[in-house]
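Dumped final-v2.txt below, it's compact mmCIF, C-alpha atoms (C1' of nucleotides):
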# COMPACT_ATOMS: atom_id res chain seq x y z
CA MET N 219 0.00 0.00 0.00
CA THR N 220 2.21 2.74 1.30
CA ASP N 221 5.48 3.02 -0.53
CA THR N 222 8.61 2.08 1.36
CA ASN N 223 10.08 5.40 0.42
CA SER N 224 7.72 7.47 2.56
CA ILE N 225 8.18 5.01 5.42
CA THR N 226 11.93 5.44 5.46
CA THR N 227 11.52 9.18 5.11
CA ILE N 228 9.51 9.22 8.34
CA LEU N 229 12.28 7.37 10.15
CA GLU N 230 14.89 9.71 8.70
CA ASN N 231 12.95 12.80 9.71
CA HIS N 232 12.78 11.62 13.28
CA GLY N 233 16.38 10.59 13.56
CA LEU N 234 15.79 6.87 13.81
CA ARG N 235 17.86 4.27 12.00
CA LYS N 236 16.17 2.51 9.11
CA THR N 237 16.14 -1.06 10.33
CA PRO N 238 14.01 -3.83 8.80
CA ASN N 239 12.10 -4.20 12.08
CA ARG N 240 11.12 -0.57 12.24
CA ILE N 241 10.18 -0.44 8.60
CA SER N 242 7.84 -3.41 8.91
CA ILE N 243 6.24 -2.12 12.12
CA LEU N 244 5.74 1.33 10.65
CA ASN N 245 4.33 -0.31 7.57
CA GLU N 246 1.70 -2.08 9.69
CA PHE N 247 0.55 1.24 11.09
CA SER N 248 0.55 2.76 7.67
CA ASN N 249 -1.71 0.04 6.30
CA SER N 250 -4.10 -0.05 9.24
CA LYS N 251 -7.30 1.95 9.55
CA HIS N 252 -7.44 1.36 13.30
CA ALA N 253 -5.14 1.64 16.30
CA LEU N 254 -2.81 -1.29 16.91
CA SER N 255 -1.81 -2.97 20.15
CA HIS N 256 1.44 -4.71 20.87
CA ALA N 257 -0.38 -8.02 20.42
CA ASP N 258 -1.73 -6.94 17.02
CA ILE N 259 1.77 -6.30 15.78
CA GLU N 260 3.10 -9.47 17.31
CA ASN N 261 0.43 -11.45 15.44
CA ALA N 262 0.97 -9.64 12.17
CA LEU N 263 4.74 -9.92 12.26
CA LYS N 264 5.42 -13.22 13.97
CA GLU N 265 9.14 -13.20 13.39
CA LEU N 266 9.70 -10.08 15.49
CA ASP N 267 10.84 -10.27 19.08
CA ARG N 268 8.30 -9.16 21.70
CA VAL N 269 10.68 -6.86 23.47
CA THR N 270 11.81 -5.25 20.26
CA ILE N 271 8.19 -4.44 19.48
CA TYR N 272 7.71 -2.83 22.89
CA ARG N 273 10.86 -0.77 22.45
CA THR N 274 9.99 0.23 18.91
CA LEU N 275 6.56 1.41 20.00
CA SER N 276 8.16 3.48 22.77
CA SER N 277 10.68 5.14 20.52
CA PHE N 278 8.07 5.84 17.83
CA ALA N 279 5.85 7.42 20.47
CA ASP N 280 8.75 9.41 21.94
CA GLN N 281 9.55 10.75 18.50
CA GLY N 282 5.96 11.66 17.71
CA ILE N 283 5.60 9.14 14.90
CA ILE N 284 2.73 7.39 16.67
CA HIS N 285 0.57 8.35 19.63
CA LYS N 286 -0.94 6.34 22.41
CA VAL N 287 -4.65 5.70 22.02
CA LEU N 288 -6.54 5.38 25.28
CA ASP N 289 -9.48 3.04 25.33
CA GLU N 290 -11.35 0.95 27.85
CA SER N 291 -9.52 -2.24 26.92
CA GLY N 292 -6.75 -1.53 29.37
CA THR N 293 -3.97 -2.46 26.97
CA ALA N 294 -2.08 0.23 25.12
CA LYS N 295 -2.89 0.93 21.49
CA TYR N 296 -1.11 3.22 19.07
CA ALA N 297 -1.90 4.99 15.84
CA LEU N 298 0.08 7.07 13.38
CA CYS N 299 0.23 10.77 14.12
CA GLN N 300 -1.38 12.65 11.29
CA SER N 301 0.22 16.02 11.24
CA GLU N 302 3.79 16.94 11.83
CA CYS N 303 4.60 15.71 15.31
CA THR N 304 8.17 15.70 16.52
CA GLU N 305 9.88 14.88 19.78
CA HIS N 306 9.28 18.45 20.89
CA LYS N 307 5.95 19.38 19.41
CA HIS N 308 2.98 17.06 19.66
CA GLU N 309 -0.48 17.48 18.34
CA ASP N 310 -2.35 17.93 21.58
CA SER N 311 -5.89 16.96 20.76
CA HIS N 312 -7.20 13.57 19.72
CA VAL N 313 -10.62 12.05 19.19
CA HIS N 314 -10.99 8.29 19.02
CA PHE N 315 -13.96 6.02 18.47
CA SER N 316 -13.98 2.64 20.13
CA CYS N 317 -16.50 0.10 18.88
CA THR N 318 -18.09 -2.15 21.47
CA LYS N 319 -18.88 -4.77 18.84
CA CYS N 320 -15.72 -5.26 16.79
CA LYS N 321 -13.52 -3.82 19.57
CA LEU N 322 -11.56 -1.75 17.11
CA THR N 323 -10.53 1.80 17.88
CA PHE N 324 -10.39 4.41 15.14
CA CYS N 325 -8.98 7.91 14.97
CA LEU N 326 -11.67 10.43 14.10
CA GLU N 327 -9.48 12.94 12.31
CA SER N 328 -12.41 14.87 10.97
CA ILE N 329 -13.74 16.16 14.25
CA SER N 330 -11.95 18.26 16.82
CA ILE N 331 -12.63 18.91 20.46
CA PRO N 332 -14.46 22.20 21.06
CA MET N 333 -12.91 24.69 23.44
CA LEU N 334 -14.07 24.12 26.97
CA GLN N 335 -13.89 25.96 30.21
CA ILE N 336 -11.32 24.21 32.39
CA PRO N 337 -11.67 25.23 36.06
CA LYS N 338 -9.36 28.03 37.18
CA GLY N 339 -5.93 26.88 38.30
CA TYR N 340 -5.64 23.91 35.98
CA ALA N 341 -3.15 24.15 33.10
CA ALA N 342 -4.48 21.94 30.32
CA LYS N 343 -2.00 20.74 27.72
CA GLU N 344 -3.50 17.73 26.02
CA PHE N 345 -7.00 16.55 25.24
CA ASN N 346 -8.09 13.01 24.51
CA LEU N 347 -11.69 12.24 23.79
CA LEU N 348 -12.79 8.64 23.62
CA VAL N 349 -16.19 8.04 22.10
CA GLN N 350 -17.62 4.57 22.60
CA GLY N 351 -20.46 3.01 20.66
CA VAL N 352 -21.01 1.07 17.46
CA CYS N 353 -18.88 1.89 14.46
CA LYS N 354 -20.00 2.54 10.90
CA ASN N 355 -19.02 -0.88 9.70
CA CYS N 356 -20.75 -2.84 12.49
CA ASN N 357 -23.79 -0.60 12.20
CA THR N 358 -24.38 -1.16 8.50
CA LYS N 359 -23.95 -4.92 8.55
CA ARG N 360 -26.33 -5.29 11.48
CA ILE N 361 -28.50 -8.41 11.04
CA MET E 322 -15.54 11.92 56.90
CA THR E 323 -18.52 10.36 55.19
CA ASP E 324 -20.97 8.76 57.55
CA THR E 325 -21.25 5.00 57.49
CA ASN E 326 -24.95 5.37 57.08
CA SER E 327 -24.79 6.83 53.58
CA ILE E 328 -22.20 4.23 52.62
CA THR E 329 -24.45 1.35 53.57
CA THR E 330 -27.37 3.05 51.88
CA ILE E 331 -25.44 3.03 48.62
CA LEU E 332 -24.83 -0.70 48.92
CA GLU E 333 -28.47 -1.29 49.80
CA ASN E 334 -29.69 0.75 46.85
CA HIS E 335 -27.61 -1.32 44.48
CA GLY E 336 -28.54 -4.66 45.92
CA LEU E 337 -25.12 -5.53 47.32
CA ARG E 338 -24.58 -7.10 50.73
CA LYS E 339 -23.15 -4.82 53.38
CA THR E 340 -19.89 -6.59 54.14
CA PRO E 341 -16.99 -4.98 56.05
CA ASN E 342 -14.77 -5.22 52.96
CA ARG E 343 -17.17 -3.37 50.75
CA ILE E 344 -17.86 -0.72 53.33
CA SER E 345 -14.18 0.05 53.80
CA ILE E 346 -13.49 0.12 50.06
CA LEU E 347 -16.47 2.35 49.41
CA ASN E 348 -15.31 4.54 52.26
CA GLU E 349 -11.94 5.01 50.57
CA PHE E 350 -13.65 6.28 47.45
CA SER E 351 -15.89 8.50 49.49
CA ASN E 352 -12.93 10.13 51.20
CA SER E 353 -10.80 10.53 48.11
CA LYS E 354 -10.75 13.57 45.86
CA HIS E 355 -9.08 11.61 43.06
CA ALA E 356 -9.59 8.35 41.21
CA LEU E 357 -8.20 5.23 42.90
CA SER E 358 -6.38 2.27 41.40
CA HIS E 359 -6.41 -1.26 42.67
CA ALA E 360 -2.93 -0.62 44.08
CA ASP E 361 -4.11 2.53 45.90
CA ILE E 362 -6.77 0.55 47.71
CA GLU E 363 -4.41 -2.30 48.42
CA ASN E 364 -2.01 0.16 50.07
CA ALA E 365 -4.69 1.95 52.02
CA LEU E 366 -6.34 -1.23 53.28
CA LYS E 367 -3.49 -3.67 53.71
CA GLU E 368 -5.57 -6.34 55.35
CA LEU E 369 -7.77 -6.86 52.29
CA ASP E 370 -7.15 -9.66 49.82
CA ARG E 371 -6.00 -8.62 46.32
CA VAL E 372 -8.58 -10.70 44.54
CA THR E 373 -11.39 -9.46 46.74
CA ILE E 374 -10.44 -5.90 45.81
CA TYR E 375 -10.51 -6.73 42.10
CA ARG E 376 -13.90 -8.37 42.46
CA THR E 377 -15.32 -5.58 44.56
CA LEU E 378 -14.22 -3.00 42.00
CA SER E 379 -15.90 -5.01 39.27
CA SER E 380 -19.18 -5.37 41.07
CA PHE E 381 -19.22 -1.70 42.10
CA ALA E 382 -18.60 -0.75 38.47
CA ASP E 383 -21.25 -3.19 37.23
CA GLN E 384 -23.76 -1.67 39.63
CA GLY E 385 -22.91 1.89 38.68
CA ILE E 386 -21.47 2.82 42.07
CA ILE E 387 -18.10 3.67 40.58
CA HIS E 388 -16.93 4.20 37.02
CA LYS E 389 -13.71 3.39 35.26
CA VAL E 390 -11.45 6.35 34.72
CA LEU E 391 -9.24 6.15 31.64
CA ASP E 392 -5.87 7.77 31.84
CA GLU E 393 -2.48 7.37 30.21
CA SER E 394 -1.08 5.33 33.10
CA GLY E 395 -2.34 2.11 31.61
CA THR E 396 -3.69 0.76 34.87
CA ALA E 397 -7.38 1.02 35.67
CA LYS E 398 -8.62 3.70 38.03
CA TYR E 399 -12.08 4.19 39.44
CA ALA E 400 -14.06 7.03 40.96
CA LEU E 401 -17.48 7.35 42.56
CA CYS E 402 -20.33 8.03 40.18
CA GLN E 403 -21.90 11.34 41.03
CA SER E 404 -25.44 11.14 39.88
CA GLU E 405 -27.82 8.28 40.03
CA CYS E 406 -26.18 5.49 38.11
CA THR E 407 -27.62 2.01 38.27
CA GLU E 408 -26.86 -1.28 36.61
CA HIS E 409 -29.13 -0.24 33.77
CA LYS E 410 -28.64 3.47 33.42
CA HIS E 411 -25.16 4.96 33.41
CA GLU E 412 -24.14 8.54 33.17
CA ASP E 413 -22.58 8.50 29.74
CA SER E 414 -20.27 11.46 29.75
CA HIS E 415 -17.20 12.00 31.90
CA VAL E 416 -14.42 14.57 32.01
CA HIS E 417 -11.23 13.78 33.90
CA PHE E 418 -8.07 15.73 34.54
CA SER E 419 -4.82 13.86 34.85
CA CYS E 420 -1.87 15.73 36.35
CA THR E 421 1.52 15.02 34.84
CA LYS E 422 3.27 16.16 38.04
CA CYS E 423 1.47 14.45 40.90
CA LYS E 424 0.04 11.74 38.63
CA LEU E 425 -3.39 12.04 40.23
CA THR E 426 -6.55 11.94 38.17
CA PHE E 427 -9.56 14.03 39.14
CA CYS E 428 -13.15 14.08 38.00
CA LEU E 429 -14.12 17.46 36.62
CA GLU E 430 -17.78 17.39 37.52
CA SER E 431 -18.29 21.02 36.72
CA ILE E 432 -17.68 20.83 33.00
CA SER E 433 -19.50 18.76 30.45
CA ILE E 434 -18.56 17.69 26.96
CA PRO E 435 -20.11 19.91 24.29
CA MET E 436 -22.17 18.28 21.57
CA LEU E 437 -20.04 17.25 18.66
CA GLN E 438 -20.60 16.10 15.15
CA ILE E 439 -19.83 12.37 15.04
CA PRO E 440 -19.36 11.17 11.45
CA LYS E 441 -22.44 9.61 9.82
CA GLY E 442 -22.90 5.92 10.53
CA TYR E 443 -21.36 5.90 13.97
CA ALA E 444 -23.67 5.37 16.97
CA ALA E 445 -22.10 7.12 19.93
CA LYS E 446 -23.13 6.03 23.41
CA GLU E 447 -20.48 7.16 25.83
CA PHE E 448 -18.00 10.01 25.96
CA ASN E 449 -14.83 10.17 27.99
CA LEU E 450 -12.64 13.21 27.84
CA LEU E 451 -9.23 13.06 29.44
CA VAL E 452 -7.50 16.38 29.90
CA GLN E 453 -3.83 16.20 30.77
CA GLY E 454 -1.72 18.96 32.24
CA VAL E 455 -0.84 20.40 35.62
CA CYS E 456 -3.48 20.41 38.34
CA LYS E 457 -4.52 23.29 40.55
CA ASN E 458 -2.58 22.04 43.52
CA CYS E 459 0.71 21.43 41.69
CA ASN E 460 0.33 24.72 39.86
CA THR E 461 -0.02 26.87 42.97
CA LYS E 462 2.82 25.33 44.90
CA ARG E 463 5.20 25.64 41.97
CA ILE E 464 8.69 26.64 43.19
C1' DT Y 988 35.69 -0.39 1.02
C1' DA Y 989 37.02 -1.46 5.68
C1' DA Y 990 37.08 -0.04 10.35
C1' DT Y 991 34.63 2.07 14.09
C1' DT Y 992 31.03 2.97 17.24
C1' DA Y 993 26.76 4.05 19.09
C1' DA Y 994 22.16 2.47 18.31
C1' DT Y 995 19.50 -1.52 18.00
C1' DT Y 996 18.25 -6.22 18.75
C1' DG Y 997 17.35 -10.82 20.90
C1' DC Y 998 17.20 -13.58 24.82
C1' DA Y 999 16.43 -14.70 29.64
C1' DA Y 1000 14.63 -13.31 33.69
C1' DT Y 1001 11.65 -10.49 36.34
C1' DT Y 1002 7.88 -7.48 37.78
C1' DA Y 1003 3.22 -5.93 37.58
C1' DA Y 1004 -1.69 -6.40 36.44
C1' DG Y 1005 -5.52 -9.08 36.20
C1' DT Y 1006 -8.19 -13.67 36.11
C1' DT Y 1007 -10.02 -18.30 37.43
C1' DG Y 1008 -11.48 -22.24 40.28
C1' DC Y 1009 -12.77 -23.86 44.44
C1' DA Y 1010 -13.63 -24.64 49.24
C1' DA Y 1011 -14.69 -22.01 53.50
C1' DA Y 1012 -17.12 -18.27 55.60
C1' DT Y 1013 -21.03 -15.22 56.19
C1' DA Y 1014 -25.02 -11.73 55.22
C1' DG Y 1015 -29.57 -11.74 55.13
C1' DA Y 1016 -33.90 -14.18 54.39
C1' DA Y 1017 -37.08 -17.75 56.17
C1' DT K 1345 -31.85 -20.57 64.62
C1' DT K 1346 -31.44 -22.59 60.17
C1' DC K 1347 -30.62 -22.28 55.44
C1' DT K 1348 -28.75 -20.75 51.13
C1' DA K 1349 -26.88 -17.84 47.82
C1' DT K 1350 -23.37 -14.47 47.96
C1' DT K 1351 -18.95 -13.26 49.20
C1' DT K 1352 -14.33 -14.14 50.54
C1' DG K 1353 -9.47 -15.97 50.74
C1' DC K 1354 -6.06 -18.71 48.85
C1' DA K 1355 -3.33 -20.85 45.23
C1' DA K 1356 -2.38 -21.05 40.69
C1' DC K 1357 -2.28 -19.05 36.32
C1' DT K 1358 -2.37 -15.82 32.37
C1' DT K 1359 -1.21 -11.62 30.12
C1' DA K 1360 1.20 -7.17 29.81
C1' DA K 1361 5.26 -4.80 30.32
C1' DT K 1362 10.17 -3.95 31.96
C1' DT K 1363 15.19 -4.62 32.74
C1' DG K 1364 19.99 -6.09 32.02
C1' DC K 1365 23.27 -7.63 29.10
C1' DA K 1366 25.83 -9.51 25.38
C1' DA K 1367 25.63 -9.85 20.32
C1' DT K 1368 24.53 -7.56 16.15
C1' DT K 1369 24.18 -3.94 12.78
C1' DA K 1370 23.22 0.88 10.54
C1' DA K 1371 25.53 4.57 9.39
C1' DT K 1372 29.60 7.50 9.86
C1' DT K 1373 34.48 8.21 8.86
C1' DA K 1374 38.98 7.06 7.47

Translate this structure into structure tokens?
Amino acid sequence: MTDTNSITTILENHGLRKTPNRISILNEFSNSKHALSHADIENALKELDRVTIYRTLSSFADQGIIHKVLDESGTAKYALCQSECTEHKHEDSHVHFSCTKCKLTFCLESISIPMLQIPKGYAAKEFNLLVQGVCKNCNTKRI
Amino acid sequence: MTDTNSITTILENHGLRKTPNRISILNEFSNSKHALSHADIENALKELDRVTIYRTLSSFADQGIIHKVLDESGTAKYALCQSECTEHKHEDSHVHFSCTKCKLTFCLESISIPMLQIPKGYAAKEFNLLVQGVCKNCNTKRI
DNA sequence: TAATTAATTGCAATTAAGTTGCAAATAGAA
DNA sequence: TTCTATTTGCAACTTAATTGCAATTAATTA
């Protein structure tokens, strides 16, 4: 799907070495419409070492290539950062939709979180909205 | 702090037996300004069995006495439900503030999530907004 | 192109989080 | 007081994630 060229460019831009492991993990994210857990990647790329996957996810997240997706599952999921995130500047607002039927979690890029009145004294930096319900796909193929 | 009477009333109202374990766990929630993890309760009430705590948290959550608080920590946290939640009707919208300094997570009861335009096809049921930043307390006693 | 080196990887071991099964104890109804 | 379904405690287990270290390798430089 995604050309290897753009994958390696991402790694270059974030100062990470272009190793086969990283390229294949990044490729998984690139080809996925939903957020991926460690287990998802382990299943998709059986030859990779568990620990290497954990460490790759951490360094990708540190570098702003992917971001952590919070859902009710309890296990960490990650998705590609859309815009230009770096180690120093992160997009600070995310909306995700978690489907109670298929259990997949999607980034809703199209909608953004409206401004809201945080109580005085709090310094808000990052906003994560998790919407739970039934996704488009599960809704349409309802029996 | 909170009188034992109201604690036992909560258990009664949700059809749970008034056992010493449940009363002390519910009391912890009642006295806490922030969401509590399994580990928090284990530390506060050393005499309680780990598994009993897990099961109590589950049944409280099932009955709508407490709700799961999602934050970036990865481990589950819970807080008392404000309004009248039952097994069948749950308050479906929560805003939480997670402090990156003290690592505590608070319920922001005062603010509610504005209506937003979910893409066509999605059926949204529940909304959880996590705001991350520096809390009131950490902000004021900044050195 | 070969040598160098710091980043990356793989493996083993460990910690932490959460679950399951089952027998003993007990809250609350009869 | 008796009875029974709920709750509890314990042991064992599963799953998620982390750490340390030696071996490997990507990318720089000679």

Y:DC1009 surroundings by all atoms listed in the file, 12 Å radius, close-in-sequence under 3 positions cut, as number ranges by chain: K: 1352-1356

Compile the residues of chain Y that lie within 9 Å of chain N, evaluated using all atoms listed in the file, and express the compilation as a CSV table (one decimal) with C-alpha atoms (C1' of nucleotides), in the frame of the given file.
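Result file follows (result29.csv):
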chain,number,residue,atom,x,y,z
Y,994,DA,C1',22.2,2.5,18.3
Y,995,DT,C1',19.5,-1.5,18.0
Y,996,DT,C1',18.2,-6.2,18.8
Y,997,DG,C1',17.4,-10.8,20.9

Output as CSV one row per residue of chain K within 12 Å of chain N: the closest atom pair and its distance in Å to one decimal place, counting only C-alpha atoms (C1' of nucleotides), sorted by chain and residue number ascending.
residue,atom,partner,partner_atom,distance
K:DT1359,C1',N:Thr293,CA,10.1
K:DA1360,C1',N:Thr293,CA,7.5
K:DA1361,C1',N:Tyr272,CA,8.1
K:DT1362,C1',N:Val269,CA,9.0
K:DT1363,C1',N:Val269,CA,10.5
K:DT1369,C1',N:Thr237,CA,8.9
K:DA1370,C1',N:Arg235,CA,6.5
K:DA1371,C1',N:Arg235,CA,8.1

Give the answer as one residue: which of K:DC1347, K:DA1374, K:DC1365, K:DC1357 has the shortest atom-to-atom distance to Y:DG1008, using all atoms listed in the file?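 Among the listed residues, K:DC1357 lies closest to Y:DG1008.
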
Counting all atoms listed in the file, which residues of chain E come no farther than 10 Å from chain N, as a ChimeraX atom specification? /E:389-397,413-421,429,431-461

Edge lengths and centre in Å, axis-aligned, stretch 989-993 of chain Y plus 3 Å each side, as AutoDock Vina command-line options:
--center_x 31.9 --center_y 1.3 --center_z 12.4 --size_x 16.3 --size_y 11.5 --size_z 19.4

Å distance separating atom CA of E:Ala400 from atom C1' of Y:DG1015, one decimal place: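 The value is 28.2 Å.
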
Could you rebuild stretch 377-404 of chain E with N, CA and C atoms and give it back as a PDB file, keeping the file's coordinate frame?
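Once everything was written out, this is part_29.pdb:
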ATOM      1  N   THR E 377     -14.473  -6.656  44.043  1.00  0.00           N
ATOM      2  CA  THR E 377     -15.320  -5.580  44.560  1.00  0.00           C
ATOM      3  C   THR E 377     -15.381  -4.423  43.569  1.00  0.00           C
ATOM      4  N   LEU E 378     -14.240  -4.064  42.997  1.00  0.00           N
ATOM      5  CA  LEU E 378     -14.220  -3.000  42.000  1.00  0.00           C
ATOM      6  C   LEU E 378     -15.117  -3.358  40.822  1.00  0.00           C
ATOM      7  N   SER E 379     -15.039  -4.582  40.380  1.00  0.00           N
ATOM      8  CA  SER E 379     -15.900  -5.010  39.270  1.00  0.00           C
ATOM      9  C   SER E 379     -17.370  -4.910  39.610  1.00  0.00           C
ATOM     10  N   SER E 380     -17.742  -5.405  40.779  1.00  0.00           N
ATOM     11  CA  SER E 380     -19.180  -5.370  41.070  1.00  0.00           C
ATOM     12  C   SER E 380     -19.663  -3.948  41.319  1.00  0.00           C
ATOM     13  N   PHE E 381     -18.847  -3.111  41.936  1.00  0.00           N
ATOM     14  CA  PHE E 381     -19.220  -1.700  42.100  1.00  0.00           C
ATOM     15  C   PHE E 381     -19.416  -1.048  40.725  1.00  0.00           C
ATOM     16  N   ALA E 382     -18.500  -1.342  39.807  1.00  0.00           N
ATOM     17  CA  ALA E 382     -18.600  -0.750  38.470  1.00  0.00           C
ATOM     18  C   ALA E 382     -19.822  -1.290  37.737  1.00  0.00           C
ATOM     19  N   ASP E 383     -20.069  -2.585  37.866  1.00  0.00           N
ATOM     20  CA  ASP E 383     -21.250  -3.190  37.230  1.00  0.00           C
ATOM     21  C   ASP E 383     -22.525  -2.538  37.739  1.00  0.00           C
ATOM     22  N   GLN E 384     -22.562  -2.223  39.020  1.00  0.00           N
ATOM     23  CA  GLN E 384     -23.760  -1.670  39.630  1.00  0.00           C
ATOM     24  C   GLN E 384     -23.850  -0.158  39.500  1.00  0.00           C
ATOM     25  N   GLY E 385     -22.858   0.447  38.878  1.00  0.00           N
ATOM     26  CA  GLY E 385     -22.910   1.890  38.680  1.00  0.00           C
ATOM     27  C   GLY E 385     -22.576   2.685  39.919  1.00  0.00           C
ATOM     28  N   ILE E 386     -21.893   2.078  40.873  1.00  0.00           N
ATOM     29  CA  ILE E 386     -21.470   2.820  42.070  1.00  0.00           C
ATOM     30  C   ILE E 386     -20.203   3.605  41.767  1.00  0.00           C
ATOM     31  N   ILE E 387     -19.315   2.984  41.032  1.00  0.00           N
ATOM     32  CA  ILE E 387     -18.100   3.670  40.580  1.00  0.00           C
ATOM     33  C   ILE E 387     -17.999   3.523  39.057  1.00  0.00           C
ATOM     34  N   HIS E 388     -17.153   4.343  38.461  1.00  0.00           N
ATOM     35  CA  HIS E 388     -16.930   4.200  37.020  1.00  0.00           C
ATOM     36  C   HIS E 388     -15.438   4.164  36.739  1.00  0.00           C
ATOM     37  N   LYS E 389     -15.095   3.504  35.660  1.00  0.00           N
ATOM     38  CA  LYS E 389     -13.710   3.390  35.260  1.00  0.00           C
ATOM     39  C   LYS E 389     -13.232   4.725  34.732  1.00  0.00           C
ATOM     40  N   VAL E 390     -12.053   5.113  35.180  1.00  0.00           N
ATOM     41  CA  VAL E 390     -11.450   6.350  34.720  1.00  0.00           C
ATOM     42  C   VAL E 390     -10.275   5.982  33.823  1.00  0.00           C
ATOM     43  N   LEU E 391     -10.319   6.462  32.573  1.00  0.00           N
ATOM     44  CA  LEU E 391      -9.240   6.150  31.640  1.00  0.00           C
ATOM     45  C   LEU E 391      -8.178   7.218  31.729  1.00  0.00           C
ATOM     46  N   ASP E 392      -6.954   6.806  31.998  1.00  0.00           N
ATOM     47  CA  ASP E 392      -5.870   7.770  31.840  1.00  0.00           C
ATOM     48  C   ASP E 392      -4.680   7.110  31.174  1.00  0.00           C
ATOM     49  N   GLU E 393      -3.613   7.876  30.993  1.00  0.00           N
ATOM     50  CA  GLU E 393      -2.480   7.370  30.210  1.00  0.00           C
ATOM     51  C   GLU E 393      -1.627   6.379  30.980  1.00  0.00           C
ATOM     52  N   SER E 394      -1.928   6.193  32.259  1.00  0.00           N
ATOM     53  CA  SER E 394      -1.080   5.330  33.100  1.00  0.00           C
ATOM     54  C   SER E 394      -1.130   3.876  32.661  1.00  0.00           C
ATOM     55  N   GLY E 395      -2.232   3.497  32.043  1.00  0.00           N
ATOM     56  CA  GLY E 395      -2.340   2.110  31.610  1.00  0.00           C
ATOM     57  C   GLY E 395      -3.042   1.221  32.620  1.00  0.00           C
ATOM     58  N   THR E 396      -2.988   1.593  33.886  1.00  0.00           N
ATOM     59  CA  THR E 396      -3.690   0.760  34.870  1.00  0.00           C
ATOM     60  C   THR E 396      -5.038   1.403  35.205  1.00  0.00           C
ATOM     61  N   ALA E 397      -6.013   0.551  35.465  1.00  0.00           N
ATOM     62  CA  ALA E 397      -7.380   1.020  35.670  1.00  0.00           C
ATOM     63  C   ALA E 397      -7.502   1.842  36.943  1.00  0.00           C
ATOM     64  N   LYS E 398      -8.271   2.908  36.859  1.00  0.00           N
ATOM     65  CA  LYS E 398      -8.620   3.700  38.030  1.00  0.00           C
ATOM     66  C   LYS E 398     -10.125   3.839  38.071  1.00  0.00           C
ATOM     67  N   TYR E 399     -10.639   4.069  39.272  1.00  0.00           N
ATOM     68  CA  TYR E 399     -12.080   4.190  39.440  1.00  0.00           C
ATOM     69  C   TYR E 399     -12.403   5.386  40.323  1.00  0.00           C
ATOM     70  N   ALA E 400     -13.582   5.948  40.108  1.00  0.00           N
ATOM     71  CA  ALA E 400     -14.060   7.030  40.960  1.00  0.00           C
ATOM     72  C   ALA E 400     -15.556   6.842  41.178  1.00  0.00           C
ATOM     73  N   LEU E 401     -16.053   7.395  42.263  1.00  0.00           N
ATOM     74  CA  LEU E 401     -17.480   7.350  42.560  1.00  0.00           C
ATOM     75  C   LEU E 401     -18.280   7.984  41.438  1.00  0.00           C
ATOM     76  N   CYS E 402     -19.398   7.400  41.095  1.00  0.00           N
ATOM     77  CA  CYS E 402     -20.330   8.030  40.180  1.00  0.00           C
ATOM     78  C   CYS E 402     -21.076   9.108  40.952  1.00  0.00           C
ATOM     79  N   GLN E 403     -21.206  10.264  40.358  1.00  0.00           N
ATOM     80  CA  GLN E 403     -21.900  11.340  41.030  1.00  0.00           C
ATOM     81  C   GLN E 403     -23.392  11.067  41.114  1.00  0.00           C
ATOM     82  N   SER E 404     -23.987  11.180  39.936  1.00  0.00           N
ATOM     83  CA  SER E 404     -25.440  11.140  39.880  1.00  0.00           C
ATOM     84  C   SER E 404     -25.951   9.720  40.058  1.00  0.00           C
TER      85      SER E 404
END
